[in-house]
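The file start.json comes next; it holds JSON, C-alpha atoms.
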[["chain", "number", "residue", "atom", "x", "y", "z"],
["T", 1, "MET", "CA", -141.40, 47.37, -37.43],
["T", 2, "HIS", "CA", -140.51, 50.26, -39.71],
["T", 3, "GLY", "CA", -137.52, 52.31, -38.61],
["T", 4, "THR", "CA", -137.72, 56.08, -38.20],
["T", 5, "ILE", "CA", -135.23, 57.54, -40.69],
["T", 6, "ASP", "CA", -133.65, 60.97, -40.41],
["T", 7, "GLY", "CA", -131.32, 61.77, -43.29],
["T", 8, "PHE", "CA", -130.54, 65.27, -42.02],
["T", 9, "SER", "CA", -129.76, 64.76, -38.33],
["T", 10, "TYR", "CA", -127.17, 67.56, -38.51],
["T", 11, "GLY", "CA", -129.40, 69.83, -40.55],
["T", 12, "MET", "CA", -127.92, 71.16, -43.79],
["T", 13, "VAL", "CA", -124.32, 70.82, -42.58],
["T", 14, "THR", "CA", -123.68, 67.36, -44.02],
["T", 15, "PRO", "CA", -125.39, 68.02, -47.40],
["T", 16, "LEU", "CA", -123.45, 71.26, -47.88],
["T", 17, "VAL", "CA", -120.08, 69.83, -46.84],
["T", 18, "GLY", "CA", -120.71, 66.76, -49.00],
["T", 19, "TYR", "CA", -121.60, 69.03, -51.92],
["T", 20, "VAL", "CA", -118.34, 70.97, -51.48],
["T", 21, "MET", "CA", -116.35, 67.73, -51.57],
["T", 22, "ALA", "CA", -118.14, 66.60, -54.73],
["T", 23, "CYS", "CA", -117.32, 69.97, -56.34],
["T", 24, "LEU", "CA", -113.68, 69.75, -55.24],
["T", 25, "GLY", "CA", -113.24, 66.26, -56.65],
["T", 26, "SER", "CA", -114.92, 67.25, -59.92],
["T", 27, "ALA", "CA", -112.84, 70.43, -60.26],
["T", 28, "LEU", "CA", -109.58, 68.56, -59.68],
["T", 29, "GLY", "CA", -110.58, 65.85, -62.13],
["T", 30, "LEU", "CA", -111.52, 68.35, -64.83],
["T", 31, "ARG", "CA", -108.30, 70.33, -64.51],
["T", 32, "CYS", "CA", -106.12, 67.19, -64.46],
["T", 33, "THR", "CA", -107.83, 65.84, -67.57],
["T", 34, "VAL", "CA", -107.33, 69.15, -69.38],
["T", 35, "ARG", "CA", -103.67, 69.08, -68.31],
["T", 36, "SER", "CA", -103.28, 65.58, -69.75],
["T", 37, "LEU", "CA", -104.30, 66.89, -73.17],
["T", 38, "ARG", "CA", -101.57, 69.54, -73.07],
["T", 39, "THR", "CA", -98.60, 67.55, -71.88],
["T", 40, "GLU", "CA", -96.12, 65.04, -73.24],
["T", 41, "ARG", "CA", -97.63, 61.66, -74.03],
["T", 42, "ALA", "CA", -95.39, 59.99, -71.45],
["T", 43, "ARG", "CA", -97.12, 62.01, -68.70],
["T", 44, "THR", "CA", -100.67, 61.75, -70.01],
["T", 45, "SER", "CA", -101.57, 58.62, -68.06],
["T", 46, "GLY", "CA", -100.30, 60.12, -64.82],
["T", 47, "TRP", "CA", -102.53, 63.19, -65.11],
["T", 48, "LEU", "CA", -105.52, 61.05, -66.13],
["T", 49, "ALA", "CA", -104.96, 58.73, -63.16],
["T", 50, "LEU", "CA", -104.75, 61.70, -60.78],
["T", 51, "GLY", "CA", -107.95, 63.12, -62.25],
["T", 52, "ALA", "CA", -109.81, 59.82, -61.98],
["T", 53, "ALA", "CA", -108.69, 59.28, -58.39],
["T", 54, "SER", "CA", -109.72, 62.85, -57.49],
["T", 55, "ILE", "CA", -113.22, 62.46, -58.93],
["T", 56, "GLY", "CA", -113.65, 59.00, -57.40],
["T", 57, "CYS", "CA", -112.49, 60.14, -53.95],
["T", 58, "GLY", "CA", -114.65, 63.26, -54.20],
["T", 59, "ILE", "CA", -117.78, 61.24, -54.97],
["T", 60, "TRP", "CA", -117.05, 58.63, -52.29],
["T", 61, "THR", "CA", -116.25, 61.28, -49.67],
["T", 62, "MET", "CA", -119.45, 63.14, -50.55],
["T", 63, "HIS", "CA", -121.45, 59.95, -50.02],
["T", 64, "PHE", "CA", -120.07, 59.19, -46.58],
["T", 65, "ILE", "CA", -120.11, 62.78, -45.36],
["T", 66, "ALA", "CA", -123.79, 62.79, -46.28],
["T", 67, "MET", "CA", -124.15, 59.48, -44.41],
["T", 68, "LEU", "CA", -122.88, 61.17, -41.24],
["T", 69, "GLY", "CA", -126.33, 62.74, -41.09],
["T", 70, "PHE", "CA", -128.18, 59.47, -41.67],
["T", 71, "ARG", "CA", -129.85, 58.16, -38.54],
["T", 72, "VAL", "CA", -132.32, 55.38, -37.75],
["T", 73, "ARG", "CA", -133.83, 56.17, -34.36],
["T", 74, "GLU", "CA", -134.45, 52.58, -33.31],
["T", 75, "THR", "CA", -131.01, 51.07, -34.10],
["T", 76, "THR", "CA", -127.33, 51.88, -34.12],
["T", 77, "ILE", "CA", -125.47, 51.90, -37.44],
["T", 78, "SER", "CA", -121.96, 50.66, -38.22],
["T", 79, "TYR", "CA", -120.12, 49.77, -41.44],
["T", 80, "ASP", "CA", -118.36, 46.70, -42.78],
["T", 81, "LEU", "CA", -114.88, 48.14, -43.47],
["T", 82, "PRO", "CA", -113.73, 45.80, -46.28],
["T", 83, "LEU", "CA", -116.94, 46.36, -48.25],
["T", 84, "THR", "CA", -116.83, 50.10, -47.55],
["T", 85, "PHE", "CA", -113.30, 50.50, -48.91],
["T", 86, "LEU", "CA", -114.12, 48.18, -51.81],
["T", 87, "SER", "CA", -116.77, 50.76, -52.76],
["T", 88, "LEU", "CA", -114.02, 53.42, -52.80],
["T", 89, "LEU", "CA", -111.92, 51.25, -55.11],
["T", 90, "VAL", "CA", -114.93, 50.75, -57.39],
["T", 91, "ALA", "CA", -115.51, 54.51, -57.55],
["T", 92, "VAL", "CA", -111.89, 55.23, -58.52],
["T", 93, "VAL", "CA", -111.61, 52.38, -61.04],
["T", 94, "VAL", "CA", -114.86, 53.01, -62.91],
["T", 95, "VAL", "CA", -114.23, 56.75, -63.09],
["T", 96, "GLY", "CA", -110.72, 55.91, -64.29],
["T", 97, "VAL", "CA", -112.13, 53.81, -67.14],
["T", 98, "GLY", "CA", -114.30, 56.69, -68.30],
["T", 99, "VAL", "CA", -111.57, 59.30, -67.95],
["T", 100, "PHE", "CA", -109.01, 57.21, -69.85],
["T", 101, "VAL", "CA", -111.48, 56.48, -72.65],
["T", 102, "VAL", "CA", -112.31, 60.14, -73.30],
["T", 103, "GLY", "CA", -108.76, 61.25, -72.51],
["T", 104, "HIS", "CA", -107.37, 59.10, -75.32],
["T", 105, "LEU", "CA", -110.30, 58.95, -77.75],
["T", 106, "GLY", "CA", -111.85, 62.39, -77.19],
["T", 107, "ALA", "CA", -115.49, 63.38, -76.89],
["T", 108, "ARG", "CA", -116.78, 61.61, -80.02],
["T", 109, "PRO", "CA", -120.33, 60.36, -79.42],
["T", 110, "VAL", "CA", -119.72, 56.61, -79.23],
["T", 111, "PRO", "CA", -116.72, 56.63, -76.84],
["T", 112, "LEU", "CA", -118.32, 59.37, -74.74],
["T", 113, "LEU", "CA", -121.67, 57.59, -74.36],
["T", 114, "LEU", "CA", -120.01, 54.24, -73.61],
["T", 115, "ALA", "CA", -117.67, 55.81, -71.05],
["T", 116, "GLY", "CA", -120.54, 57.78, -69.48],
["T", 117, "LEU", "CA", -122.71, 54.66, -69.20],
["T", 118, "LEU", "CA", -119.97, 52.59, -67.58],
["T", 119, "THR", "CA", -118.93, 55.37, -65.24],
["T", 120, "GLY", "CA", -122.51, 56.23, -64.24],
["T", 121, "LEU", "CA", -123.30, 52.60, -63.49],
["T", 122, "GLY", "CA", -120.09, 52.38, -61.50],
["T", 123, "VAL", "CA", -120.90, 55.49, -59.46],
["T", 124, "ALA", "CA", -124.39, 54.15, -58.72],
["T", 125, "GLY", "CA", -122.82, 50.80, -57.84],
["T", 126, "MET", "CA", -120.47, 52.56, -55.43],
["T", 127, "HIS", "CA", -123.44, 54.24, -53.75],
["T", 128, "TYR", "CA", -125.43, 51.05, -53.26],
["T", 129, "MET", "CA", -122.34, 49.07, -52.28],
["T", 130, "GLY", "CA", -121.71, 51.66, -49.58],
["T", 131, "MET", "CA", -125.31, 51.23, -48.45],
["T", 132, "ALA", "CA", -124.89, 47.43, -48.42],
["T", 133, "ALA", "CA", -121.91, 47.90, -46.08],
["T", 134, "MET", "CA", -124.23, 49.29, -43.38],
["T", 135, "ARG", "CA", -124.74, 47.07, -40.36],
["T", 136, "MET", "CA", -127.78, 47.52, -38.14],
["T", 137, "ASN", "CA", -130.39, 45.56, -36.22],
["T", 138, "GLY", "CA", -132.68, 45.43, -39.19],
["T", 139, "SER", "CA", -132.68, 45.41, -42.98],
["T", 140, "LEU", "CA", -132.85, 47.95, -45.80],
["T", 141, "GLY", "CA", -135.56, 48.06, -48.46],
["T", 142, "TYR", "CA", -135.65, 50.08, -51.68],
["T", 143, "ASP", "CA", -138.26, 51.63, -53.96],
["T", 144, "THR", "CA", -137.31, 50.22, -57.36],
["T", 145, "ALA", "CA", -138.56, 53.19, -59.39],
["T", 146, "VAL", "CA", -136.60, 55.70, -57.31],
["T", 147, "VAL", "CA", -133.47, 53.54, -57.51],
["T", 148, "ALA", "CA", -133.81, 53.48, -61.31],
["T", 149, "LEU", "CA", -134.13, 57.27, -61.33],
["T", 150, "SER", "CA", -130.95, 57.62, -59.25],
["T", 151, "VAL", "CA", -129.07, 55.41, -61.73],
["T", 152, "VAL", "CA", -130.26, 57.54, -64.65],
["T", 153, "ILE", "CA", -129.08, 60.68, -62.85],
["T", 154, "ALA", "CA", -125.68, 59.03, -62.23],
["T", 155, "VAL", "CA", -125.27, 58.10, -65.92],
["T", 156, "VAL", "CA", -126.28, 61.56, -67.16],
["T", 157, "ALA", "CA", -124.00, 63.25, -64.60],
["T", 158, "ALA", "CA", -121.05, 61.01, -65.49],
["T", 159, "THR", "CA", -121.51, 61.60, -69.22],
["T", 160, "ALA", "CA", -121.70, 65.35, -68.71],
["T", 161, "ALA", "CA", -118.59, 65.30, -66.50],
["T", 162, "LEU", "CA", -116.57, 63.33, -69.04],
["T", 163, "TRP", "CA", -117.66, 65.62, -71.86],
["T", 164, "ALA", "CA", -116.70, 68.66, -69.79],
["T", 165, "ALA", "CA", -113.32, 67.14, -68.97],
["T", 166, "VAL", "CA", -112.18, 67.15, -72.60],
["T", 167, "SER", "CA", -114.30, 70.00, -74.01],
["T", 168, "ILE", "CA", -114.20, 72.86, -71.51],
["T", 169, "ARG", "CA", -111.22, 75.20, -71.51],
["T", 170, "GLY", "CA", -110.23, 77.79, -68.94],
["T", 171, "PHE", "CA", -110.21, 77.84, -65.16],
["T", 172, "LEU", "CA", -113.51, 79.66, -64.69],
["T", 173, "ALA", "CA", -115.32, 77.40, -67.17],
["T", 174, "SER", "CA", -114.02, 74.30, -65.36],
["T", 175, "LEU", "CA", -115.03, 75.80, -62.03],
["T", 176, "GLY", "CA", -118.58, 76.35, -63.30],
["T", 177, "ALA", "CA", -118.73, 72.80, -64.66],
["T", 178, "SER", "CA", -117.57, 71.39, -61.32],
["T", 179, "VAL", "CA", -120.32, 73.32, -59.48],
["T", 180, "VAL", "CA", -122.92, 71.79, -61.81],
["T", 181, "MET", "CA", -121.40, 68.34, -61.37],
["T", 182, "GLY", "CA", -121.54, 68.76, -57.59],
["T", 183, "VAL", "CA", -125.27, 69.38, -57.87],
["T", 184, "ALA", "CA", -125.70, 66.28, -60.06],
["T", 185, "VAL", "CA", -123.67, 63.98, -57.78],
["T", 186, "THR", "CA", -125.38, 65.24, -54.63],
["T", 187, "GLY", "CA", -128.77, 64.95, -56.33],
["T", 188, "MET", "CA", -128.02, 61.36, -57.30],
["T", 189, "HIS", "CA", -127.09, 60.53, -53.69],
["T", 190, "TYR", "CA", -130.20, 61.99, -52.09],
["T", 191, "THR", "CA", -132.43, 60.53, -54.80],
["T", 192, "GLY", "CA", -131.00, 57.12, -53.91],
["T", 193, "MET", "CA", -131.52, 57.81, -50.21],
["T", 194, "ALA", "CA", -135.16, 58.72, -50.88],
["T", 195, "ALA", "CA", -135.63, 55.12, -52.06],
["T", 196, "VAL", "CA", -134.53, 53.66, -48.70],
["T", 197, "SER", "CA", -136.76, 52.18, -46.04],
["T", 198, "VAL", "CA", -135.63, 50.33, -42.91],
["T", 199, "HIS", "CA", -137.27, 47.35, -41.22],
["T", 200, "VAL", "CA", -136.06, 47.11, -37.60],
["T", 201, "ASN", "CA", -136.10, 43.96, -35.50],
["T", 202, "ASP", "CA", -138.67, 44.56, -32.74],
["T", 203, "ALA", "CA", -136.65, 42.72, -30.09],
["T", 204, "THR", "CA", -133.74, 45.14, -30.29],
["T", 205, "ALA", "CA", -135.47, 48.42, -31.10],
["T", 206, "ALA", "CA", -136.47, 49.19, -27.52],
["T", 207, "HIS", "CA", -132.85, 49.04, -26.30],
["T", 208, "THR", "CA", -131.45, 51.60, -28.72],
["T", 209, "THR", "CA", -131.37, 55.33, -28.14],
["T", 210, "ASP", "CA", -128.77, 56.59, -30.61],
["T", 211, "GLY", "CA", -128.86, 55.66, -34.28],
["T", 212, "SER", "CA", -125.99, 57.94, -35.31],
["T", 213, "SER", "CA", -123.09, 56.56, -37.38],
["T", 214, "PHE", "CA", -120.81, 59.57, -36.76],
["T", 215, "LEU", "CA", -118.02, 57.77, -34.87],
["T", 216, "ASN", "CA", -118.04, 54.91, -37.37],
["T", 217, "VAL", "CA", -117.89, 57.03, -40.51],
["T", 218, "LEU", "CA", -115.53, 59.86, -39.56],
["T", 219, "PRO", "CA", -112.30, 57.77, -39.30],
["T", 220, "MET", "CA", -112.93, 56.27, -42.76],
["T", 221, "LEU", "CA", -112.86, 59.72, -44.33],
["T", 222, "VAL", "CA", -109.34, 60.64, -43.22],
["T", 223, "GLY", "CA", -107.42, 58.89, -46.03],
["T", 224, "PRO", "CA", -109.52, 60.15, -48.97],
["T", 225, "LEU", "CA", -109.57, 63.66, -47.50],
["T", 226, "ILE", "CA", -105.77, 63.70, -47.21],
["T", 227, "PHE", "CA", -105.52, 62.52, -50.83],
["T", 228, "LEU", "CA", -107.79, 65.32, -52.02],
["T", 229, "VAL", "CA", -105.68, 67.88, -50.13],
["T", 230, "LEU", "CA", -102.51, 66.54, -51.77],
["T", 231, "ALA", "CA", -104.15, 66.51, -55.21],
["T", 232, "THR", "CA", -105.22, 70.11, -54.66],
["T", 233, "ALA", "CA", -101.61, 71.02, -53.85],
["T", 234, "VAL", "CA", -100.39, 69.38, -57.08],
["T", 235, "VAL", "CA", -102.92, 71.33, -59.13],
["T", 236, "MET", "CA", -102.22, 74.63, -57.37],
["T", 237, "PHE", "CA", -98.48, 74.36, -57.99],
["T", 238, "ASP", "CA", -98.98, 73.73, -61.72],
["T", 239, "PRO", "CA", -99.17, 77.19, -63.35],
["T", 240, "LEU", "CA", -100.95, 75.93, -66.47],
["T", 241, "LEU", "CA", -103.80, 74.60, -64.35],
["T", 242, "ILE", "CA", -104.31, 77.21, -61.70],
["T", 243, "MET", "CA", -104.04, 80.13, -64.14],
["T", 244, "GLY", "CA", -106.41, 78.45, -66.57],
["T", 245, "ASP", "CA", -103.83, 78.60, -69.37],
["T", 246, "ASP", "CA", -104.63, 75.43, -71.27],
["T", 247, "GLU", "CA", -102.01, 76.10, -73.94],
["T", 248, "PRO", "CA", -98.27, 75.69, -73.25],
["T", 249, "ARG", "CA", -96.46, 78.97, -72.87],
["T", 250, "ARG", "CA", -94.08, 79.98, -75.66],
["T", 251, "PRO", "CA", -90.49, 80.71, -74.63],
["T", 252, "ALA", "CA", -89.39, 84.35, -74.75],
["T", 253, "HIS", "CA", -87.48, 85.55, -77.82],
["T", 254, "ARG", "CA", -83.78, 85.90, -77.30],
["T", 255, "GLU", "CA", -81.45, 88.20, -79.18],
["T", 256, "GLY", "CA", -79.54, 86.86, -82.14],
["T", 257, "GLY", "CA", -80.26, 84.52, -84.99],
["T", 258, "ALA", "CA", -80.00, 81.39, -82.88],
["T", 259, "GLY", "CA", -82.59, 82.73, -80.47],
["T", 260, "SER", "CA", -84.99, 83.53, -83.32],
["T", 261, "GLY", "CA", -84.59, 80.04, -84.74],
["T", 262, "ALA", "CA", -85.33, 78.49, -81.36],
["T", 263, "ALA", "CA", -88.41, 80.66, -80.99],
["T", 264, "ASP", "CA", -89.61, 79.64, -84.46],
["T", 265, "GLY", "CA", -89.15, 75.98, -83.54],
["T", 266, "ALA", "CA", -91.13, 76.50, -80.35],
["T", 267, "GLN", "CA", -93.96, 78.08, -82.34],
["T", 268, "VAL", "CA", -94.05, 75.12, -84.71],
["T", 269, "GLY", "CA", -94.09, 72.76, -81.74],
["T", 270, "ALA", "CA", -96.94, 74.70, -80.15],
["T", 271, "GLY", "CA", -98.93, 74.46, -83.39],
["T", 272, "ALA", "CA", -98.36, 70.73, -83.51],
["T", 273, "GLY", "CA", -99.52, 70.41, -79.92],
["T", 274, "ALA", "CA", -102.72, 72.32, -80.72],
["T", 275, "ALA", "CA", -103.41, 69.82, -83.48],
["T", 276, "ASP", "CA", -103.09, 66.85, -81.16],
["T", 277, "PRO", "CA", -105.85, 64.48, -82.33],
["T", 278, "ARG", "CA", -106.69, 63.56, -78.74],
["T", 279, "THR", "CA", -108.35, 66.96, -78.34],
["T", 280, "HIS", "CA", -110.83, 66.33, -81.15]]

For the file at hand, write its structure as structure tokens.
Amino acid sequence: MHGTIDGFSYGMVTPLVGYVMACLGSALGLRCTVRSLRTERARTSGWLALGAASIGCGIWTMHFIAMLGFRVRETTISYDLPLTFLSLLVAVVVVGVGVFVVGHLGARPVPLLLAGLLTGLGVAGMHYMGMAAMRMNGSLGYDTAVVALSVVIAVVAATAALWAAVSIRGFLASLGASVVMGVAVTGMHYTGMAAVSVHVNDATAAHTTDGSSFLNVLPMLVGPLIFLVLATAVVMFDPLLIMGDDEPRRPAHREGGAGSGAADGAQVGAGAGAADPRTH
């Protein structure tokens, strides 16, 4: 028999909270990637890794917060933990590939499109891997056309996010880009969920009264949420990021000839940093 699906069993609470988490992950990723372009090369990989992990955790957390509201009336829902956390690893790794490609090669068309394709496919793979981790007294079915549409949305969203990460300057601009990316990621999720149907085993359906997955999902979110809080703290305590100053500050002029020479050297260094080929 067909299961009765309710994707909004908590109303608009889970979509809105999930959207906020997608925006937070995107905002952190964008600011970290911008910071990587304005720091010493030895620290570039660290900022890119933090950005990739932030975006990946934000997307994954958005997915499972949204899944808190997913209910099948005729069966209980649980999750296979190894497969669920493997989907988190996939999200972080594939976003990391895209972020590192554009972080080192810039937003030229070929690297950007390749990175966006790989990252979008990875994000969609994370979504459907998370769905495959669901355990219930029945089986999932999918509308192929709607699944294909969700993958296209994921690829377009990933490409736009990677372009924004290396092209947009300033705190407010990055904030606006993260809001748009939150819409795209959330839209991809609910498009994918619109493709889902559930076939429930008749023998077990009559014995089930609560199809909620709340108690199964909530503990899994603790680790990624703590990471996002810590990443937010790192960003907030970096003045270049939180103030939206994407250029290194020049040291103040000091009195005397030696001070003037040091200031001139700093200006030359700042000019060289602005010409860093990674930003083009």

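Distance annotation: of T:Cys57, T:Pro219, T:Pro224, T:Ala148, the residue with the minimal separation from Ala195 in chain T is T:Ala148; atom set is all atoms listed in the file.
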
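If you measure from each of T:Met136, T:Tyr79, T:Trp163, T:His104 to Gly116 in chain T using all atoms listed in the file, the closest one turns out to be T:Trp163.
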
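Note that CA of Gly223 in chain T and CA of Ala49 in chain T are 17.3 Å apart.
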
Residues at most 10 Å from Gly141 in chain T, counting all atoms listed in the file, excluding those fewer than 6 positions away in the same chain, as a ChimeraX atom specification? /T:195-199

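The space between CA of Ser167 in chain T and CA of Leu48 in chain T spans 14.8 Å.
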
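With CA of Ala133 in chain T on one side and CA of Thr84 in chain T on the other, the separation reads 5.7 Å.
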
For the point (-116.8, 61.8, -54.9) in the file's frame, write as a PyMOL selection string all residues with an atom no more than 8 Å away, counting all atoms listed in the file. chain T and resi 21-22+25-26+54-63+91+185

Give me the residues within 12 Å of Val13 in chain T as a PDB file with C-alpha atoms, in the coordinates of the input, counting all atoms listed in the file and dropping any in the same chain fewer than 6 places off.
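What landed in part.pdb:
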ATOM      1  CA  GLY T   7    -131.320  61.770 -43.290  1.00  0.00           C
ATOM      2  CA  TYR T  19    -121.600  69.030 -51.920  1.00  0.00           C
ATOM      3  CA  VAL T  20    -118.340  70.970 -51.480  1.00  0.00           C
ATOM      4  CA  ILE T  65    -120.110  62.780 -45.360  1.00  0.00           C
ATOM      5  CA  ALA T  66    -123.790  62.790 -46.280  1.00  0.00           C
ATOM      6  CA  MET T  67    -124.150  59.480 -44.410  1.00  0.00           C
ATOM      7  CA  LEU T  68    -122.880  61.170 -41.240  1.00  0.00           C
ATOM      8  CA  GLY T  69    -126.330  62.740 -41.090  1.00  0.00           C
TER       9      GLY T  69
END

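The protein and nucleic acid residues lying at most 9 Å from range 152-159 of chain T are Val95, Gly98, Leu112, Leu113, Leu114, Ala115, Gly116, Leu117, Leu118, Thr119, Gly120, Leu121, Gly122, Val123, Ala124, Met181, Ala184, Val185, Gly187, Met188, His189 and Thr191 of chain T, with all atoms listed in the file considered and sequence neighbours fewer than 6 positions away removed.
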
Using only C-alpha atoms, pick whichever of T:Val200, T:Leu28, T:Met131, T:Val93 has the shortest atom-to-atom distance to Thr76 in chain T. T:Val200

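When all atoms listed in the file are used to compute distances to Val99 in chain T, the closest of the residues T:Leu86, T:Ile77, T:Val179, T:Leu162 turns out to be T:Leu162.
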
Name the residues within 12 Å of (-105.4, 71.4, -51.6), counting all atoms listed in the file in the file's coordinates, and put them as a PDB file with C-alpha atoms, in the coordinates of the input.
ATOM      1  CA  MET T  21    -116.350  67.730 -51.570  1.00  0.00           C
ATOM      2  CA  LEU T  24    -113.680  69.750 -55.240  1.00  0.00           C
ATOM      3  CA  GLY T  25    -113.240  66.260 -56.650  1.00  0.00           C
ATOM      4  CA  ALA T  27    -112.840  70.430 -60.260  1.00  0.00           C
ATOM      5  CA  LEU T  28    -109.580  68.560 -59.680  1.00  0.00           C
ATOM      6  CA  SER T  54    -109.720  62.850 -57.490  1.00  0.00           C
ATOM      7  CA  LEU T 225    -109.570  63.660 -47.500  1.00  0.00           C
ATOM      8  CA  ILE T 226    -105.770  63.700 -47.210  1.00  0.00           C
ATOM      9  CA  PHE T 227    -105.520  62.520 -50.830  1.00  0.00           C
ATOM     10  CA  LEU T 228    -107.790  65.320 -52.020  1.00  0.00           C
ATOM     11  CA  VAL T 229    -105.680  67.880 -50.130  1.00  0.00           C
ATOM     12  CA  LEU T 230    -102.510  66.540 -51.770  1.00  0.00           C
ATOM     13  CA  ALA T 231    -104.150  66.510 -55.210  1.00  0.00           C
ATOM     14  CA  THR T 232    -105.220  70.110 -54.660  1.00  0.00           C
ATOM     15  CA  ALA T 233    -101.610  71.020 -53.850  1.00  0.00           C
ATOM     16  CA  VAL T 234    -100.390  69.380 -57.080  1.00  0.00           C
ATOM     17  CA  VAL T 235    -102.920  71.330 -59.130  1.00  0.00           C
ATOM     18  CA  MET T 236    -102.220  74.630 -57.370  1.00  0.00           C
ATOM     19  CA  PHE T 237     -98.480  74.360 -57.990  1.00  0.00           C
ATOM     20  CA  ILE T 242    -104.310  77.210 -61.700  1.00  0.00           C
TER      21      ILE T 242
END

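If you measure from each of T:Thr33, T:Val17, T:Gly3, T:Val217 to Val101 in chain T using all atoms listed in the file, the closest one turns out to be T:Thr33.
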